[in-house]
Amino acid sequence: MSIDKTVNVYGALLVLLGIIIILTPWIIFPVCEMEGSYVVTAAGAKLPMTCGWTARAETGIGALIVIAGGLLIARSTRETRQAVGIFTIAMGALVILFPTLLIGMCKVATHPCRMTTLPALEILGVIVIIVGGYLVWKPE
Amino acid sequence: MVLSFAIIAGTLFSAQYLAGGARQSLENGMNMMGADIMVVPDKYAAASQAVILTGEPTTFFFNDTGFEKISQIPGVAKASPEIYVATLYGQACCAGPVQIIAIDPNRDFTIATWLKENPGVTLGKDDIIVGSAITGDIGSDLLFYGHTFHIVGRLARTGMGLDMAVFTRIEDAYTMANESGVKAVRKLTIPQGMVSAVLIRTEPGSSPAGIADEIKQRVPGTKTLTPNGLLSTIAGQLGGITSFLYGSTIAVTLISIPLLGSISAMVAHEKKKENAILQALGATKSFIVKLIMVESFSLASIGALTGIGIAALILIGFQDYIAFTLKIPFAIPSPLTILVYAGSALLLSVVIGGIASLYPAYLITRSEPYETMRKGES
């Protein structure tokens, strides 16, 4: 088992990307509920808008990406790197699919979630997929 | 070096892309509206521009029915009155904050052109044709001021305020207003016989500017908006950011040329022995110079493509936010235009790379391989 410093760098990058994905819908580019917009039911209860549920899902995915990065730092063998790479590609795809297809964002084009959170998550998802692809492809 | 080229190409591409996107959007919108002049009440000129350019919903009317005189002015081929109504936001009676534009189907030429291109669609009672950014599928209903409208068509994206507009017939707008006292949380009043704006199509060969002046004289209290005027407004709104980006490009370019030249010279100095060995093995000086230039061009190309790629990703991803923040209409320019912008940014970087490699190339041509190797320069 050899320690690969570049793999550790990519592990740290994944941890960083995971944290950014967690923070994006809540702090960096907040979704509508962080701006005070909720769905109000007839009974007066406040529920998160569609983008709020996406934000919660992205938090989970971001946490998994942090764990994947940590795994790569802790055990940087070829097998771990490739397994983490495949796992990372799938998670990158989910980062994009949650706000676009699986859950979605608010339908009104001028809502903050549509203008900022959505493109930010799409770009982050693409970066995660590229990092995952590199980990799978990386020559010895 | 790569970072410098990325910054130069990225900033130049961004400036061109923003200015081009605003122009493209205005072109799309004005083509769709089909109007050469838009006549609006003088005191609502800014609100009218906001409706057209960014789709900020508003309600206003002329004080009198003087708009009828407009169609009699020489050079006016068609005059189409429109009523603008902003819907209520956050209320159960309304689907969302949008601009309702009520048209007279007998005089209209904006939706009429679209209807001609879509022969299966008719704008009947309580029917609406919605802009590209309006939520709701064709065939579904939308509620405005408690009145139910039926979506029968969707316009193509323009990047302008039209994307946030809903078109209906004037008589349906009156019905909606009459019912609003009972059905909506706030009563809507549309003064009978009053309109918000008049779109004008001029006769071929006539001067829109001359006709616009004539309208302002004959119908006091009016303001005329023309595509050129709107373009000037957009240029004013974009002026700050494009000047900043073009200024940054020039500044980074001016700083980069001597900096890159020095770095290239240092690299060439470090490679003196390597070049001397190549020359000793038979490589000509022109071959070595070409090698330096190719290396420089490669670095410039990699840097420029990276900068353009990152800029494009951000500009395309955040285009709605950028347009909203800068209060400009915005549409993605055509692929050919984007290629031209990217090509010019790439060309500038490659030219800078070429200029920066001239000094190290000159140093190589003056050096003697034997002397270099004898002195043991690395």
# chains A, B, ... in the order shown; residues from 1 in each chain; ligands from 1

call {"tool": "interface_residues", "arguments": {"of": "chain B", "to": "chain A", "cutoff": "9 Å", "atoms": "only C-alpha atoms", "output": "VMD selection string"}}
result
chain B and resid 96 133 to 136 164 313 to 314 316 to 322 324

call {"tool": "write_last_selection", "arguments": {"atoms": "C-alpha atoms", "output": "PDB file, in the first residue's frame"}}
result
ATOM      1  CA  GLY B  96     -47.800  35.170  -9.353  1.00  0.00           C
ATOM      2  CA  ALA B 133     -40.796  32.475 -18.162  1.00  0.00           C
ATOM      3  CA  ILE B 134     -44.416  32.111 -17.022  1.00  0.00           C
ATOM      4  CA  THR B 135     -45.195  28.978 -15.031  1.00  0.00           C
ATOM      5  CA  GLY B 136     -47.909  26.675 -16.367  1.00  0.00           C
ATOM      6  CA  MET B 164     -42.716  37.643 -17.926  1.00  0.00           C
ATOM      7  CA  LEU B 313     -19.792  28.559 -17.342  1.00  0.00           C
ATOM      8  CA  ILE B 314     -20.444  31.406 -14.890  1.00  0.00           C
ATOM      9  CA  ILE B 316     -24.427  31.070 -18.824  1.00  0.00           C
ATOM     10  CA  GLY B 317     -25.179  29.531 -15.416  1.00  0.00           C
ATOM     11  CA  PHE B 318     -25.923  32.840 -13.708  1.00  0.00           C
ATOM     12  CA  GLN B 319     -27.393  34.685 -16.724  1.00  0.00           C
ATOM     13  CA  ASP B 320     -30.785  35.269 -15.061  1.00  0.00           C
ATOM     14  CA  TYR B 321     -29.149  36.619 -11.921  1.00  0.00           C
ATOM     15  CA  ILE B 322     -26.795  38.871 -13.925  1.00  0.00           C
ATOM     16  CA  PHE B 324     -31.802  40.760 -12.865  1.00  0.00           C
TER      17      PHE B 324
END

call {"tool": "residues_around", "arguments": {"residues": "segment 157-163 of chain B", "least_positions_apart": "6", "cutoff": "12 Å", "atoms": "only C-alpha atoms", "output": "MDAnalysis selection string"}}
result
(chainID A and resid 108:110) or (chainID B and resid 21:33 47:58 84 98:101 110:111 129:135 230 234 319:320 322:324 327:333)

call {"tool": "atom_distance", "arguments": {"atom1": "atom CA of Ser248 of chain B", "atom2": "atom CA of Ala15 of chain B"}}
result
9.9 Å

call {"tool": "select_by_dssp", "arguments": {"residues": "segment 121-154 of chain B", "states": "strand (DSSP E)", "output": "PyMOL selection string"}}
result
chain B and resi 127-130+141-144+147-154

call {"tool": "write_last_selection", "arguments": {"atoms": "C-alpha atoms", "output": "PDB file, in the first residue's frame"}}
result
ATOM      1  CA  ASP B 127     -57.534  32.627 -23.374  1.00  0.00           C
ATOM      2  CA  ILE B 128     -53.973  33.784 -22.667  1.00  0.00           C
ATOM      3  CA  ILE B 129     -50.692  33.453 -24.492  1.00  0.00           C
ATOM      4  CA  VAL B 130     -47.855  33.457 -21.972  1.00  0.00           C
ATOM      5  CA  ASP B 141     -55.363  27.497 -16.124  1.00  0.00           C
ATOM      6  CA  LEU B 142     -53.950  30.548 -14.355  1.00  0.00           C
ATOM      7  CA  LEU B 143     -55.829  32.744 -11.896  1.00  0.00           C
ATOM      8  CA  PHE B 144     -55.457  36.536 -11.980  1.00  0.00           C
ATOM      9  CA  HIS B 147     -60.512  35.344 -12.873  1.00  0.00           C
ATOM     10  CA  THR B 148     -59.526  32.041 -14.479  1.00  0.00           C
ATOM     11  CA  PHE B 149     -57.584  32.232 -17.735  1.00  0.00           C
ATOM     12  CA  HIS B 150     -56.723  29.349 -20.018  1.00  0.00           C
ATOM     13  CA  ILE B 151     -53.182  29.046 -21.473  1.00  0.00           C
ATOM     14  CA  VAL B 152     -53.350  28.434 -25.241  1.00  0.00           C
ATOM     15  CA  GLY B 153     -49.800  29.263 -26.287  1.00  0.00           C
ATOM     16  CA  ARG B 154     -46.296  30.100 -25.179  1.00  0.00           C
TER      17      ARG B 154
END

call {"tool": "residues_around", "arguments": {"residues": "Leu23 of chain A", "least_positions_apart": "2", "cutoff": "12 Å", "atoms": "only C-alpha atoms", "output": "list of chain:residue names"}}
result
A:Leu16, A:Leu17, A:Gly18, A:Ile19, A:Ile20, A:Ile21, A:Pro25, A:Trp26, A:Ile27, A:Ile28, A:Phe29, A:Pro30, A:Val31, A:Ala55, A:Arg56, A:Glu58, A:Thr59, A:Gly60, A:Ile61, A:Gly62, A:Ala63, A:Thr117, A:Ala120, A:Leu121, A:Leu124

call {"tool": "residues_around", "arguments": {"residues": "Leu14 of chain A", "least_positions_apart": "3", "cutoff": "8 Å", "atoms": "only C-alpha atoms", "output": "PDB file with C-alpha atoms, in the first residue's frame"}}
result
ATOM      1  CA  TYR A  10      -8.007  15.295  -4.264  1.00  0.00           C
ATOM      2  CA  GLY A  11      -9.421  13.910  -1.012  1.00  0.00           C
ATOM      3  CA  LEU A  17     -16.446  20.641  -2.374  1.00  0.00           C
ATOM      4  CA  GLY A  18     -18.761  18.729  -0.020  1.00  0.00           C
ATOM      5  CA  ILE A  65     -18.997  13.824  -0.508  1.00  0.00           C
ATOM      6  CA  VAL A  66     -17.160  14.995   2.641  1.00  0.00           C
ATOM      7  CA  ALA A  68     -15.816  10.176   0.442  1.00  0.00           C
ATOM      8  CA  GLY A  69     -13.036  12.776   0.583  1.00  0.00           C
ATOM      9  CA  VAL A 128     -17.503  16.976  -8.558  1.00  0.00           C
ATOM     10  CA  VAL A 131     -12.873  15.228  -9.921  1.00  0.00           C
TER      11      VAL A 131
END

call {"tool": "closest_residue", "arguments": {"among": "A:Cys32, A:Ile127, A:Ile103, A:Val136", "to": "Trp53 of chain A", "atoms": "only C-alpha atoms"}}
result
A:Ile103

call {"tool": "residues_around", "arguments": {"residues": "Ala209 of chain B", "least_positions_apart": "3", "cutoff": "9 Å", "atoms": "only C-alpha atoms", "output": "JSON, numbers by chain"}}
result
{"B": [37, 206, 212, 213, 214, 226]}

call {"tool": "select_by_dssp", "arguments": {"residues": "chain A", "states": "alpha helix (DSSP H)", "output": "ChimeraX atom specification"}}
result
/A:5-23,50-74,78-97,112,118-137

call {"tool": "atom_distance", "arguments": {"atom1": "atom CA of Ala197 of chain B", "atom2": "atom CA of Phe60 of chain B"}}
result
8.9 Å

call {"tool": "closest_residue", "arguments": {"among": "B:Leu339, B:Val198, B:Leu347, B:Val252", "to": "Ser4 of chain B", "atoms": "only C-alpha atoms"}}
result
B:Val252

call {"tool": "closest_residue", "arguments": {"among": "B:Leu155, B:Val289, B:Ile211, B:Ala102", "to": "Arg169 of chain B", "atoms": "only C-alpha atoms"}}
result
B:Ala102

call {"tool": "residues_around", "arguments": {"residues": "Leu71 of chain A", "least_positions_apart": "2", "cutoff": "12 Å", "atoms": "only C-alpha atoms", "output": "list in words"}}
result
Val7, Asn8, Tyr10, Gly11, Ala12, Leu14, Val15, Leu64, Ile65, Val66, Ile67, Ala68, Gly69, Ile73, Ala74, Arg75, Ser76, Thr77, Glu79, Thr80, Arg81, Gln82, Ala83, Val84, Gly85, Phe87 and Thr88 of chain A

call {"tool": "write_last_selection", "arguments": {"atoms": "C-alpha atoms", "output": "mmCIF file, in the first residue's frame"}}
result
data_model
loop_
_atom_site.group_PDB
_atom_site.id
_atom_site.type_symbol
_atom_site.label_atom_id
_atom_site.label_comp_id
_atom_site.auth_asym_id
_atom_site.auth_seq_id
_atom_site.Cartn_x
_atom_site.Cartn_y
_atom_site.Cartn_z
ATOM 1 C CA VAL A 7 -4.770 11.485 -4.031
ATOM 2 C CA ASN A 8 -4.722 13.134 -0.607
ATOM 3 C CA TYR A 10 -8.007 15.295 -4.264
ATOM 4 C CA GLY A 11 -9.421 13.910 -1.012
ATOM 5 C CA ALA A 12 -9.057 17.364 0.556
ATOM 6 C CA LEU A 14 -13.637 16.566 -2.206
ATOM 7 C CA VAL A 15 -14.007 17.508 1.478
ATOM 8 C CA LEU A 64 -21.553 12.045 1.705
ATOM 9 C CA ILE A 65 -18.997 13.824 -0.508
ATOM 10 C CA VAL A 66 -17.160 14.995 2.641
ATOM 11 C CA ILE A 67 -17.091 11.371 3.867
ATOM 12 C CA ALA A 68 -15.816 10.176 0.442
ATOM 13 C CA GLY A 69 -13.036 12.776 0.583
ATOM 14 C CA ILE A 73 -7.362 10.888 2.668
ATOM 15 C CA ALA A 74 -7.423 8.031 5.198
ATOM 16 C CA ARG A 75 -6.809 5.198 2.751
ATOM 17 C CA SER A 76 -5.319 6.250 -0.567
ATOM 18 C CA THR A 77 -4.870 2.904 -2.305
ATOM 19 C CA GLU A 79 -8.817 0.431 -5.197
ATOM 20 C CA THR A 80 -10.084 3.066 -2.744
ATOM 21 C CA ARG A 81 -9.330 5.848 -5.228
ATOM 22 C CA GLN A 82 -11.251 4.145 -8.019
ATOM 23 C CA ALA A 83 -14.177 3.200 -5.781
ATOM 24 C CA VAL A 84 -14.359 6.743 -4.371
ATOM 25 C CA GLY A 85 -14.086 8.057 -7.954
ATOM 26 C CA PHE A 87 -19.044 7.034 -5.982
ATOM 27 C CA THR A 88 -18.084 10.707 -6.531
#

call {"tool": "residues_around", "arguments": {"residues": "Ile308 of chain B", "least_positions_apart": "3", "cutoff": "7 Å", "atoms": "only C-alpha atoms", "output": "PyMOL selection string"}}
result
chain B and resi 9-10+13+304-305+311-312+342
